[in-house]
Each structure stands twice: as structure tokens, then as C-alpha cells.
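Below is structure.cif, holding mmCIF, C-alpha atoms.
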```cif
data_work
loop_
_atom_site.label_atom_id
_atom_site.label_comp_id
_atom_site.auth_asym_id
_atom_site.auth_seq_id
_atom_site.Cartn_x
_atom_site.Cartn_y
_atom_site.Cartn_z
CA MET A 1 118.53 189.10 -5.80
CA GLU A 2 116.20 186.12 -5.82
CA SER A 3 116.17 184.07 -2.62
CA SER A 4 114.31 180.95 -1.63
CA ASN A 5 114.02 178.46 1.20
CA GLU A 6 115.58 175.75 -0.97
CA LEU A 7 119.38 175.43 -1.19
CA SER A 8 120.84 175.40 -4.65
CA ALA A 9 123.01 172.52 -5.85
CA GLY A 10 126.08 174.72 -5.48
CA GLN A 11 125.20 175.63 -1.94
CA ARG A 12 124.63 171.98 -1.00
CA ALA A 13 127.96 170.97 -2.52
CA LYS A 14 129.73 173.70 -0.65
CA ILE A 15 128.08 172.75 2.65
CA ARG A 16 129.12 169.11 2.12
CA ARG A 17 132.71 170.13 1.41
CA LEU A 18 133.00 172.55 4.31
CA SER A 19 131.31 170.31 6.88
CA ALA A 20 133.37 167.19 6.08
CA PRO A 21 135.55 166.14 9.07
CA ARG A 22 139.05 167.43 8.68
CA GLU A 23 141.60 164.71 7.95
CA LEU A 24 144.38 164.65 10.54
CA ALA A 25 147.83 165.47 9.29
CA PRO A 26 150.41 162.68 9.89
CA ASP A 27 152.07 164.68 12.65
CA GLU A 28 148.72 165.31 14.35
CA GLU A 29 147.85 161.59 14.51
CA GLY A 30 150.65 161.03 17.03
CA GLY A 31 148.68 163.01 19.57
CA GLU A 32 146.45 159.99 20.33
CA LEU A 33 148.05 157.50 22.75
CA ASN A 34 148.31 153.98 21.37
CA VAL A 35 147.16 151.85 24.30
CA VAL A 36 146.98 148.50 22.50
CA PRO A 37 150.37 147.19 23.78
CA PHE A 38 149.44 148.33 27.28
CA LEU A 39 146.14 146.46 27.02
CA ASP A 40 147.99 143.33 25.86
CA ILE A 41 150.30 143.44 28.87
CA ILE A 42 147.48 144.11 31.35
CA THR A 43 145.38 141.25 29.96
CA ASN A 44 148.32 138.82 30.10
CA ILE A 45 149.19 139.76 33.68
CA LEU A 46 145.53 139.50 34.70
CA ILE A 47 145.22 135.97 33.26
CA PHE A 48 148.52 134.94 34.85
CA VAL A 49 147.49 136.24 38.27
CA LEU A 50 144.10 134.52 38.09
CA ALA A 51 145.70 131.22 37.01
CA THR A 52 148.28 131.38 39.80
CA VAL A 53 145.64 132.02 42.45
CA ALA A 54 143.61 129.06 41.24
CA VAL A 55 146.39 126.49 41.74
CA THR A 56 147.66 127.49 45.17
CA PHE A 57 144.76 126.79 47.51
CA THR A 58 145.90 126.36 51.07
CA SER A 59 144.22 125.26 54.28
CA THR A 60 145.21 125.15 57.93
CA ILE A 61 144.99 122.40 60.53
CA ASP A 62 144.59 123.65 64.09
CA SER A 63 146.58 122.23 66.98
CA THR A 64 147.80 123.01 70.48
CA PRO A 65 151.23 122.88 72.18
CA PRO A 66 152.91 119.46 72.55
CA ALA A 67 151.94 117.46 75.62
CA SER A 68 155.21 117.90 77.46
CA GLY A 69 155.23 121.69 77.37
CA GLY A 70 153.28 124.82 76.63
CA LYS A 71 150.30 126.36 78.36
CA GLY A 72 147.23 124.46 79.42
CA VAL A 73 144.80 125.09 76.61
CA ARG A 74 143.99 121.43 75.96
CA LYS A 75 140.62 120.15 77.08
CA ASP A 76 140.56 117.73 79.97
CA ILE A 77 139.75 114.22 78.87
CA GLU A 78 137.53 112.09 81.04
CA SER A 79 138.80 108.74 82.24
CA THR A 80 136.14 106.97 80.15
CA ALA A 81 137.50 108.48 76.98
CA LEU A 82 139.13 106.51 74.17
CA ASN A 83 142.37 108.54 74.36
CA LEU A 84 143.47 107.44 70.93
CA THR A 85 147.22 107.76 70.39
CA ILE A 86 148.88 106.96 67.08
CA PHE A 87 152.62 106.22 67.04
CA ILE A 88 154.25 106.55 63.63
CA VAL A 89 157.10 104.07 63.63
CA ASN A 90 159.30 102.73 60.88
CA ASP A 91 157.18 99.57 60.42
CA GLY A 92 153.75 101.20 60.40
CA PHE A 93 151.29 102.66 62.88
CA SER A 94 151.21 101.53 66.47
CA ILE A 95 147.95 102.50 68.16
CA LYS A 96 147.13 102.87 71.82
CA ALA A 97 143.63 103.44 73.19
CA ALA A 98 141.74 103.14 76.48
CA GLY A 99 141.99 99.36 76.49
CA GLY A 100 145.74 99.35 75.92
CA ASN A 101 147.82 98.63 72.85
CA VAL A 102 145.77 97.72 69.78
CA ALA A 103 146.74 94.34 68.32
CA PRO A 104 147.87 93.87 64.70
CA GLY A 105 144.96 94.08 62.28
CA CYS A 106 143.12 96.36 64.73
CA THR A 107 141.57 93.35 66.46
CA GLY A 108 141.33 93.81 70.21
CA ALA A 109 144.21 94.45 72.58
CA GLY A 110 147.64 92.95 72.20
CA ALA A 111 151.27 93.64 71.47
CA GLY A 112 152.60 94.58 68.02
CA ILE A 113 152.12 97.07 65.23
CA ALA A 114 148.38 97.66 64.75
CA ILE A 115 148.67 98.79 61.10
CA PRO A 116 151.87 97.47 59.52
CA LYS A 117 153.22 98.96 56.32
CA LYS A 118 151.80 97.56 53.09
CA ASN A 119 154.28 97.11 50.23
CA GLY A 120 156.70 99.35 52.08
CA ARG A 121 154.17 102.17 52.41
CA TYR A 122 152.05 103.41 55.27
CA ASP A 123 148.50 102.01 55.00
CA TYR A 124 146.27 105.02 55.51
CA GLU A 125 143.10 103.18 54.45
CA ALA A 126 143.58 100.55 57.16
CA LEU A 127 144.29 103.32 59.66
CA ASN A 128 141.00 104.98 58.71
CA ASP A 129 139.12 101.68 59.14
CA CYS A 130 140.78 101.10 62.50
CA ALA A 131 139.97 104.62 63.78
CA SER A 132 136.38 104.16 62.67
CA LYS A 133 136.17 100.79 64.40
CA LEU A 134 137.64 102.11 67.65
CA LYS A 135 135.28 105.08 67.72
CA ALA A 136 132.28 102.82 67.18
CA ALA A 137 133.41 100.45 69.96
CA ASP A 138 131.56 102.38 72.67
CA PRO A 139 128.78 105.03 72.46
CA ALA A 140 130.75 107.07 75.04
CA PHE A 141 133.41 107.71 72.36
CA ALA A 142 130.93 109.20 69.87
CA ASP A 143 131.60 112.83 70.82
CA GLU A 144 135.34 112.44 71.28
CA THR A 145 137.29 114.21 68.55
CA GLN A 146 140.70 114.56 70.17
CA PHE A 147 143.58 112.25 69.42
CA TYR A 148 147.30 112.22 70.01
CA ILE A 149 150.01 111.71 67.48
CA THR A 150 153.68 111.02 67.90
CA GLY A 151 156.41 109.81 65.64
CA ASN A 152 160.00 108.78 65.27
CA PRO A 153 162.39 111.76 65.24
CA GLY A 154 162.89 111.28 61.50
CA THR A 155 159.21 111.04 60.54
CA ASP A 156 158.36 113.45 57.74
CA TYR A 157 155.91 116.29 58.34
CA GLN A 158 154.01 115.08 55.26
CA THR A 159 153.44 111.67 56.90
CA ILE A 160 152.08 113.38 60.02
CA ILE A 161 149.67 115.46 57.94
CA SER A 162 148.58 112.33 56.05
CA VAL A 163 147.83 110.55 59.35
CA ILE A 164 145.78 113.55 60.50
CA ASP A 165 143.88 113.36 57.19
CA ALA A 166 143.37 109.61 57.50
CA VAL A 167 141.57 109.78 60.85
CA ARG A 168 139.54 112.94 60.20
CA THR A 169 136.48 111.39 58.53
CA GLU A 170 135.22 107.91 57.76
CA LYS A 171 136.19 106.99 54.21
CA SER A 172 132.97 105.11 53.42
CA ASN A 173 130.87 107.93 54.91
CA PRO A 174 132.76 111.27 54.69
CA SER A 175 129.99 113.12 56.53
CA ARG A 176 130.82 111.15 59.71
CA THR A 177 133.70 112.82 61.52
CA LEU A 178 136.08 110.69 63.52
CA PHE A 179 139.00 112.54 65.10
CA THR A 180 139.54 116.14 64.06
CA ASP A 181 141.47 117.70 66.96
CA VAL A 182 145.12 116.75 66.80
CA ASN A 183 147.57 117.05 69.69
CA PHE A 184 151.23 116.24 69.49
CA LYS A 185 153.06 114.12 72.03
CA VAL A 186 156.77 114.15 72.71
CA THR A 187 158.49 110.78 73.06
CA LEU A 188 162.04 111.71 72.17
CA MET B 189 136.48 184.00 -0.97
CA ASN B 190 134.49 183.74 2.22
CA PRO B 191 132.63 180.41 2.23
CA LEU B 192 130.06 181.79 4.62
CA ASP B 193 129.21 184.63 2.26
CA PRO B 194 126.31 183.51 0.12
CA SER B 195 127.08 186.25 -2.40
CA SER B 196 130.13 184.28 -3.48
CA VAL B 197 127.86 181.53 -4.78
CA SER B 198 126.85 182.20 -8.35
CA GLU B 199 123.48 180.51 -8.26
CA GLN B 200 121.70 181.71 -5.13
CA ARG B 201 118.46 180.15 -4.20
CA ALA B 202 118.44 180.09 -0.39
CA SER B 203 118.74 183.06 1.87
CA PRO B 204 122.11 183.72 3.59
CA ALA B 205 120.58 182.94 6.98
CA LYS B 206 119.24 179.61 5.74
CA TYR B 207 122.57 178.76 4.11
CA LYS B 208 124.53 179.50 7.30
CA ALA B 209 122.08 177.54 9.45
CA GLU B 210 122.35 174.51 7.15
CA LEU B 211 126.16 174.77 7.15
CA ARG B 212 126.31 174.88 10.95
CA LYS B 213 123.93 171.91 11.21
CA ALA B 214 126.04 169.86 8.76
CA VAL B 215 129.25 170.69 10.64
CA ARG B 216 127.69 169.64 13.93
CA ARG B 217 126.29 166.41 12.45
CA ASN B 218 129.62 165.39 10.93
CA ALA B 219 131.48 166.25 14.10
CA HIS B 220 129.29 163.84 16.08
CA GLU B 221 129.70 161.08 13.50
CA SER B 222 133.49 161.31 13.56
CA GLU B 223 133.52 161.00 17.38
CA ALA B 224 131.63 157.73 17.18
CA ASN B 225 134.18 156.24 14.82
CA PHE B 226 136.54 155.02 17.58
CA LEU B 227 135.82 153.23 20.85
CA ASN B 228 136.52 155.09 24.08
CA ILE B 229 138.30 152.51 26.22
CA THR B 230 139.55 154.82 28.96
CA ALA B 231 136.88 153.66 31.41
CA MET B 232 137.65 150.00 30.71
CA LEU B 233 141.36 150.65 31.17
CA ASP B 234 140.67 152.26 34.53
CA ILE B 235 138.64 149.25 35.66
CA MET B 236 141.20 146.70 34.47
CA THR B 237 144.07 148.52 36.12
CA ILE B 238 142.18 148.75 39.42
CA ILE B 239 141.28 145.03 39.27
CA LEU B 240 144.89 144.12 38.54
CA VAL B 241 146.25 146.21 41.42
CA PHE B 242 143.60 144.78 43.74
CA LEU B 243 144.40 141.18 42.73
CA LEU B 244 148.14 141.67 43.11
CA LYS B 245 147.65 143.27 46.52
CA SER B 246 145.30 140.56 47.81
CA LEU B 247 147.58 137.86 46.40
CA GLY B 248 150.56 139.36 48.19
CA GLU B 249 148.71 139.48 51.52
CA SER B 250 146.98 136.13 51.32
CA SER B 251 148.30 132.83 52.58
CA ALA B 252 148.40 131.65 48.99
CA ALA B 253 151.55 133.71 48.63
CA VAL B 254 153.65 131.04 50.34
CA PRO B 255 156.56 130.51 47.99
CA GLN B 256 156.87 126.98 46.68
CA ASN B 257 160.44 126.04 45.88
CA ASP B 258 162.94 123.30 46.66
CA ASP B 259 163.69 124.82 50.07
CA LEU B 260 160.06 125.08 51.14
CA ARG B 261 157.31 122.86 49.76
CA LEU B 262 154.15 122.60 51.84
CA PRO B 263 152.73 119.16 52.67
CA LYS B 264 149.53 118.16 50.89
CA SER B 265 146.28 117.49 52.67
CA VAL B 266 142.72 116.57 51.69
CA ILE B 267 141.33 119.15 54.12
CA ARG B 268 139.13 121.77 52.46
CA SER B 269 138.70 124.33 55.23
CA GLN B 270 139.42 128.02 54.78
CA PRO B 271 142.98 128.92 55.83
CA SER B 272 143.22 130.88 59.04
CA GLU B 273 144.66 134.36 58.65
CA GLU B 274 145.29 134.87 62.36
CA GLY B 275 148.67 134.45 64.01
CA VAL B 276 152.39 135.10 63.92
CA LEU B 277 154.00 133.47 60.89
CA VAL B 278 156.70 130.89 61.69
CA THR B 279 158.39 129.40 58.64
CA VAL B 280 160.47 126.22 58.79
CA SER B 281 162.23 125.51 55.52
CA LYS B 282 164.89 122.92 54.79
CA SER B 283 167.67 125.39 55.58
CA GLN B 284 166.35 127.98 58.05
CA ILE B 285 163.69 129.11 60.51
CA LEU B 286 162.00 132.49 60.16
CA VAL B 287 159.62 134.44 62.38
CA GLY B 288 157.66 136.79 60.16
CA ASP B 289 160.17 137.91 57.56
CA ASN B 290 163.17 137.74 59.90
CA LYS B 291 165.60 134.84 59.76
CA VAL B 292 166.16 133.38 63.21
CA LEU B 293 168.66 130.60 62.59
CA ASN B 294 170.16 128.35 59.94
CA LEU B 295 169.42 124.63 60.17
CA PRO B 296 171.98 121.81 59.99
CA GLY B 297 171.63 118.83 57.63
CA ARG B 298 168.73 116.39 57.87
CA GLU B 299 170.84 113.65 59.50
CA SER B 300 171.74 115.97 62.37
CA LEU B 301 168.17 117.31 62.62
CA THR B 302 166.70 113.85 63.21
CA GLN B 303 169.22 113.11 65.99
CA THR B 304 169.55 116.32 68.01
CA GLY B 305 167.22 118.76 66.29
CA VAL B 306 168.76 122.16 65.65
CA GLY B 307 171.85 121.25 67.70
CA ALA B 308 172.92 121.44 71.36
CA GLN B 309 174.51 124.88 70.96
CA GLU B 310 171.10 126.38 70.06
CA LYS B 311 169.31 124.81 73.05
CA ARG B 312 168.77 126.05 76.56
CA SER B 313 170.26 123.03 78.34
CA GLY B 314 171.86 120.46 76.08
CA PRO B 315 170.87 118.33 73.10
CA ASN B 316 167.82 116.69 74.74
CA ASP B 317 166.17 120.02 75.51
CA LEU B 318 163.43 121.06 73.10
CA TYR B 319 163.62 124.82 73.64
CA ILE B 320 165.40 126.69 70.83
CA VAL B 321 166.83 129.83 72.44
CA LYS B 322 167.08 132.09 69.37
CA LEU B 323 163.60 131.11 68.22
CA GLY B 324 162.25 131.67 71.73
CA ASN B 325 163.76 135.17 71.86
CA ALA B 326 162.26 136.08 68.49
CA LEU B 327 158.88 134.66 69.50
CA GLN B 328 158.82 136.56 72.78
CA ALA B 329 159.38 139.80 70.87
CA ALA B 330 156.62 138.84 68.45
CA ARG B 331 154.37 137.89 71.36
CA LYS B 332 154.73 141.36 72.92
CA VAL B 333 153.55 142.98 69.69
CA ASP B 334 150.80 140.41 69.15
CA ARG B 335 149.51 140.86 72.70
CA ARG B 336 148.98 144.58 72.04
CA VAL B 337 147.35 143.80 68.69
CA ARG B 338 144.99 141.31 70.33
CA GLU B 339 144.10 143.79 73.06
CA ALA B 340 143.37 146.44 70.45
CA LYS B 341 141.22 143.98 68.50
CA GLY B 342 139.32 142.92 71.59
CA LEU B 343 140.65 139.34 71.45
CA ASP B 344 141.86 137.27 74.41
CA PRO B 345 145.42 138.54 75.06
CA SER B 346 146.39 135.68 77.41
CA SER B 347 147.83 133.63 74.56
CA SER B 348 148.72 134.18 70.92
CA GLU B 349 148.25 132.12 67.79
CA ALA B 350 150.90 131.04 65.33
CA MET B 351 150.77 130.08 61.69
CA ILE B 352 153.23 127.26 60.98
CA VAL B 353 154.51 127.09 57.43
CA ALA B 354 156.82 124.09 57.29
CA ASP B 355 158.41 122.07 54.53
CA GLY B 356 156.87 118.62 53.94
CA THR B 357 160.16 116.87 54.70
CA THR B 358 160.64 118.55 58.09
CA PRO B 359 161.52 115.80 60.61
CA TYR B 360 159.18 115.28 63.58
CA ARG B 361 161.99 116.11 66.00
CA LEU B 362 162.42 119.62 64.58
CA LEU B 363 158.66 120.16 64.33
CA ILE B 364 158.21 119.28 68.01
CA GLU B 365 161.08 121.58 69.00
CA VAL B 366 159.45 124.47 67.15
CA LEU B 367 156.00 123.73 68.62
CA PHE B 368 157.44 123.31 72.11
CA THR B 369 159.29 126.65 71.88
CA LEU B 370 156.05 128.27 70.69
CA GLY B 371 154.22 126.81 73.69
CA GLN B 372 156.89 128.16 76.06
CA SER B 373 156.51 131.61 74.47
CA GLU B 374 152.76 131.83 75.27
CA PHE B 375 151.51 130.71 71.89
CA GLY B 376 148.52 128.53 72.70
CA LYS B 377 147.13 127.68 69.29
CA TYR B 378 148.80 126.71 66.03
CA HIS B 379 147.57 126.67 62.48
CA LEU B 380 149.54 124.16 60.42
CA MET B 381 149.47 125.36 56.85
CA VAL B 382 149.01 122.74 54.14
CA MET B 383 148.43 122.69 50.42
CA GLN B 384 145.11 121.28 49.30
CA GLY B 385 145.37 117.99 47.42
CA LYS B 386 142.90 115.51 45.99
CA GLU B 387 144.04 112.41 47.90
CA ILE B 388 146.33 111.43 50.74
CA PRO B 389 149.86 111.26 49.32
CA GLN B 390 151.80 108.06 49.95
#
```

Please, can you express the file's structure as C-alpha cells?
Amino acid sequence: MESSNELSAGQRAKIRRLSAPRELAPDEEGGELNVVPFLDIITNILIFVLATVAVTFTSTIDSTPPASGGKGVRKDIESTALNLTIFIVNDGFSIKAAGGNVAPGCTGAGAGIAIPKKNGRYDYEALNDCASKLKAADPAFADETQFYITGNPGTDYQTIISVIDAVRTEKSNPSRTLFTDVNFKVTL
Amino acid sequence: MNPLDPSSVSEQRASPAKYKAELRKAVRRNAHESEANFLNITAMLDIMTIILVFLLKSLGESSAAVPQNDDLRLPKSVIRSQPSEEGVLVTVSKSQILVGDNKVLNLPGRESLTQTGVGAQEKRSGPNDLYIVKLGNALQAARKVDRRVREAKGLDPSSSEAMIVADGTTPYRLLIEVLFTLGQSEFGKYHLMVMQGKEIPQ
């Protein structure tokens, strides 16, 4: 029998036929798990979760117990301090400071509502200007960050938060902080 | 007919050993090629599932999980600080007050809330008192647990902190009553939770 190192055409054909990957029978194909629907669901949930997280950013504003109760954690304020107190009343913001009641228009001391409502709405911009002006009135007030807030019994929580926002930083220069430490007063 | 038997091939040119070696090589080669035909996504599936579980868990534990509905809608603020995670959670919605997940009391209508707060029957000594008895009892129980937690964490146990989650329409009277009761229950610092907004709402 003649033999050689070279494969004959018949041998090559046979090797090709025998080494071809076996086609799966229809019943054997079911053995592979179809994960495409699972992937769809996972991807959708992932996008939904990421989108939900992105729109619900929250922050917290720190405070201490109201002035008429609670434990003594509030810092003592020196007599030379501004002692800014903002009263939220139905007609606007009444402001009291070291020199007494702040006059309408935030000009010196005098009776009346310091920042009256504008077009039936609280004027937060004027409140910011007034807080900035009061803080700049004396260099001794520069480091004072505490202020008091009080309101009518029916004042909304949202209005209180807006007042806290309005006196936090100077609008024309946001890097300059005004009054960041809020304390609540009880005048019920 | 045995396909591995070279004698079954009519025209033999290669030796049986060579034929078998070539056949084995071809089988191996084709087997590798067929494996590369589909993408193995098992590892990716593992990663995605872990990320999803992690996100859902962190979302459930974070402060961002505060439900926003008609009964409880947080006020908006321009503040951009990171929310504090420390403290006992006190929730004040339009209809009820909760400490943690436990309901403490139901609230009357807004008209009544602005006049006498939660009502004289819930107070220690009449309508002008600010101390809410049921809330105080719940807070004292929470304070006991929190004191032990703070001691274990190495924090100052002399006073606790509270996280206030209140609806934006909560009247000042009710807010002060809740804060006053917290103060009486040895809670010395509050974190008022707000929703971040772009400008001060009117």
C-alpha cells in the first residue's frame, strides 16, 4: 500500500466533512437561555433609577431648638452684636436689630414694616439688600452669622425656608456670606 | 464504515497516523471557531445586576428617598450643601406626624393648626402649650436608642440630632411645636430637609 505525507483529495474532503461543527437539533437549541428580555428589563430599570436619582437632590439646613425651650446649645451673643431678627408678618418682613426696629425701606430706625410686600408677594431681593446693608453697618458685625426668625402662626414653612435663603449670601457677591445660622423664636 | 480507518478511503496517499492527526487538528480548529460565534455576556450580566442592586439599595437608604406626593412635598431652597445623614427622622406631612417609620398622631385641618397647633387634647397643659405629648413620648424612646448609638459611635451622647422632613405648607405654629418638643426631648440640633431649587420660590 502506497503512503505519503500528502493527504489525498478524498481524505481532505472527509476531514472537512467530519470536522464541521455539528448543527444543533431544534430541541437542543432550547438549552441556551435567552437573556435578551432580561437585559432589556435590567437596562430600563437602570436608566429609570439613574434618572430618578438625578432629579431628587436634597440638602439640609441646620438649626437649634426654639428660643423659648430646649437645651442650651446656642452660642452666647455679645451685647455689641447685631442680633438680627426677622418677623414674617402678613404685610411683609419686619426687622429688628441692635439699634431697634428697622424703618420701612431699611433706612435707619423707626416704626413700620421694613420690607413691605411687593405686588402681594414677599420681596426677598429687598430683604437680601437690607441684610447686607445691616451687616456692613459696623465692622463688629462682620463675623456674626446668627439671626433669628419668627412668623405668624399661619406662615408657610416654604416662606421660612425662602427667608433663610434670602439672607444667607449677598446676591451681588454670592461668595460673601451674610447670615447662615438660623434660630427660631416663639412669639405665639 | 469507520471514518477514522484510512483503509476505507479508496485513494490513499497519506499514512493513517497523518490522516488521524489532520482530522483531530481540523476538529479542534472548528470547535474553537464555533465558540467564538456568539458573545459571552454572563460577566456583563453579573456586573449590571450588581450595579442595579447597589443603586436600588443606596437609593432606598439615602435622603433622596423622601416620597414626594400631595401629602408631603418638601420646600425648595437654593442651598447646595450635602444633606446630613445623621439624626432621628421626624416627618411632618399635611395629615400626620411620624418618628422614623412610626405614626405618632394624625393632624387636624390647616385652619385648626394655625390657631392651636395640633390641638389642646394633645398638649401637656392646654392649647397655648407647645409640647406635644405623644410626639414627646415617641422622641424620648428614640432618644434612648440614639444615645446608645452615639455612645457606640464615639459621638457626644449629651444631645441627639433630628432630621426634620416637613411639608412646604406646614404652618409656623406646628413647626415650632415640633421643634420645641424636640428640644424638650434632648434633641439639640436639627437638620431641616429641603429640595434643591434654582431660585427662591415666591

task: Quick one: residues within 8 Å of (148.0, 123.3, 55.2) (file frame), counting only C-alpha atoms, please, as a list of chain:residue names.
output: A:Thr58, A:Ser59, A:Thr60, A:Ile61, B:Leu262, B:Pro263, B:Lys264, B:Ser265, B:Ile267, B:Pro271, B:Val353, B:Leu380, B:Met381, B:Val382, B:Met383, B:Gln384

message: Under the PyMOL selection byres ((chain A) within 7 of (chain B)), which residues of this model are included? Write them out as a VMD selection string.
response: chain A and resid 2 to 8 10 15 19 to 21 46 56 to 66 69 to 71 73 121 151 to 158 161 to 162 165

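Interatomic distance, CA of Lys282 (chain B) to CA of Leu260 (chain B): 6.4 Å.
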
query: So, counting only C-alpha atoms, which residue among A:Thr107, A:Gly112, A:Ala97, A:Val167 is closest to Ala131 (chain A)?
result: A:Val167

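Considering the residues A:Phe93, A:Phe87, A:Tyr122, A:Phe38 and counting only C-alpha atoms, Tyr148 (chain A) has its shortest atom-to-atom contact with A:Phe87.
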
- prompt: Could you work out how far CA of Gln328 (chain B) lies from CA of Lys291 (chain B), giving the answer in Å with one decimal?
  reply: 14.8 Å

Test item: which residues lie within 10 Å of (148.1, 101.3, 64.3) counting only C-alpha atoms, as a list in words: Thr85, Ile86, Phe87, Ile88, Val89, Gly92, Phe93, Ser94, Ile95, Lys96, Asn101, Val102, Ala103, Pro104, Gly105, Cys106, Gly112, Ile113, Ala114, Ile115, Pro116, Lys117, Asp123, Tyr124, Ala126, Leu127, Asn128, Cys130 and Ala131 of chain A

Let's have the selection written as a PDB file, in the coordinates of the input, with C-alpha atoms.
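Generated file (part-v4.pdb):
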```
ATOM      1  CA  THR A  85     147.220 107.760  70.390  1.00  0.00           C
ATOM      2  CA  ILE A  86     148.880 106.960  67.080  1.00  0.00           C
ATOM      3  CA  PHE A  87     152.620 106.220  67.040  1.00  0.00           C
ATOM      4  CA  ILE A  88     154.250 106.550  63.630  1.00  0.00           C
ATOM      5  CA  VAL A  89     157.100 104.070  63.630  1.00  0.00           C
ATOM      6  CA  GLY A  92     153.750 101.200  60.400  1.00  0.00           C
ATOM      7  CA  PHE A  93     151.290 102.660  62.880  1.00  0.00           C
ATOM      8  CA  SER A  94     151.210 101.530  66.470  1.00  0.00           C
ATOM      9  CA  ILE A  95     147.950 102.500  68.160  1.00  0.00           C
ATOM     10  CA  LYS A  96     147.130 102.870  71.820  1.00  0.00           C
ATOM     11  CA  ASN A 101     147.820  98.630  72.850  1.00  0.00           C
ATOM     12  CA  VAL A 102     145.770  97.720  69.780  1.00  0.00           C
ATOM     13  CA  ALA A 103     146.740  94.340  68.320  1.00  0.00           C
ATOM     14  CA  PRO A 104     147.870  93.870  64.700  1.00  0.00           C
ATOM     15  CA  GLY A 105     144.960  94.080  62.280  1.00  0.00           C
ATOM     16  CA  CYS A 106     143.120  96.360  64.730  1.00  0.00           C
ATOM     17  CA  GLY A 112     152.600  94.580  68.020  1.00  0.00           C
ATOM     18  CA  ILE A 113     152.120  97.070  65.230  1.00  0.00           C
ATOM     19  CA  ALA A 114     148.380  97.660  64.750  1.00  0.00           C
ATOM     20  CA  ILE A 115     148.670  98.790  61.100  1.00  0.00           C
ATOM     21  CA  PRO A 116     151.870  97.470  59.520  1.00  0.00           C
ATOM     22  CA  LYS A 117     153.220  98.960  56.320  1.00  0.00           C
ATOM     23  CA  ASP A 123     148.500 102.010  55.000  1.00  0.00           C
ATOM     24  CA  TYR A 124     146.270 105.020  55.510  1.00  0.00           C
ATOM     25  CA  ALA A 126     143.580 100.550  57.160  1.00  0.00           C
ATOM     26  CA  LEU A 127     144.290 103.320  59.660  1.00  0.00           C
ATOM     27  CA  ASN A 128     141.000 104.980  58.710  1.00  0.00           C
ATOM     28  CA  CYS A 130     140.780 101.100  62.500  1.00  0.00           C
ATOM     29  CA  ALA A 131     139.970 104.620  63.780  1.00  0.00           C
TER      30      ALA A 131
END
```

message: Just to confirm, what's the straight-line distance from CA of Asp138 (chain A) to CA of Thr180 (chain A) in Å (one decimal)?
response: 18.1 Å

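Each of A:Ala137, A:Ala166, A:Ile45, A:Leu50 was compared to Phe179 (chain A) using all atoms listed in the file, and A:Ala166 turns out to be the nearest.
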
- request: Skip Leu178 (chain A) itself and residues of its chain fewer than 6 positions away, then list as a VMD selection string all residues within 9 Å of it, counting only C-alpha atoms.
  value: chain A and resid 128 131 to 132 135 142 to 146 167 to 170

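Taken over the whole file, the PyMOL selection byres ((chain B and resi 289) around 12) covers exactly Val254, Val276, Leu277, Val278, Thr279, Val280, Gln284, Ile285, Leu286, Val287, Gly288, Asn290, Lys291, Val292, Ala326 and Ala330 of chain B.
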
Distance criterion (all atoms listed in the file): nearest to Gly100 (chain A) out of A:Leu84, A:Val49, A:Ile149, A:Ala13: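 So, comparing all the options, the nearest one is A:Leu84.
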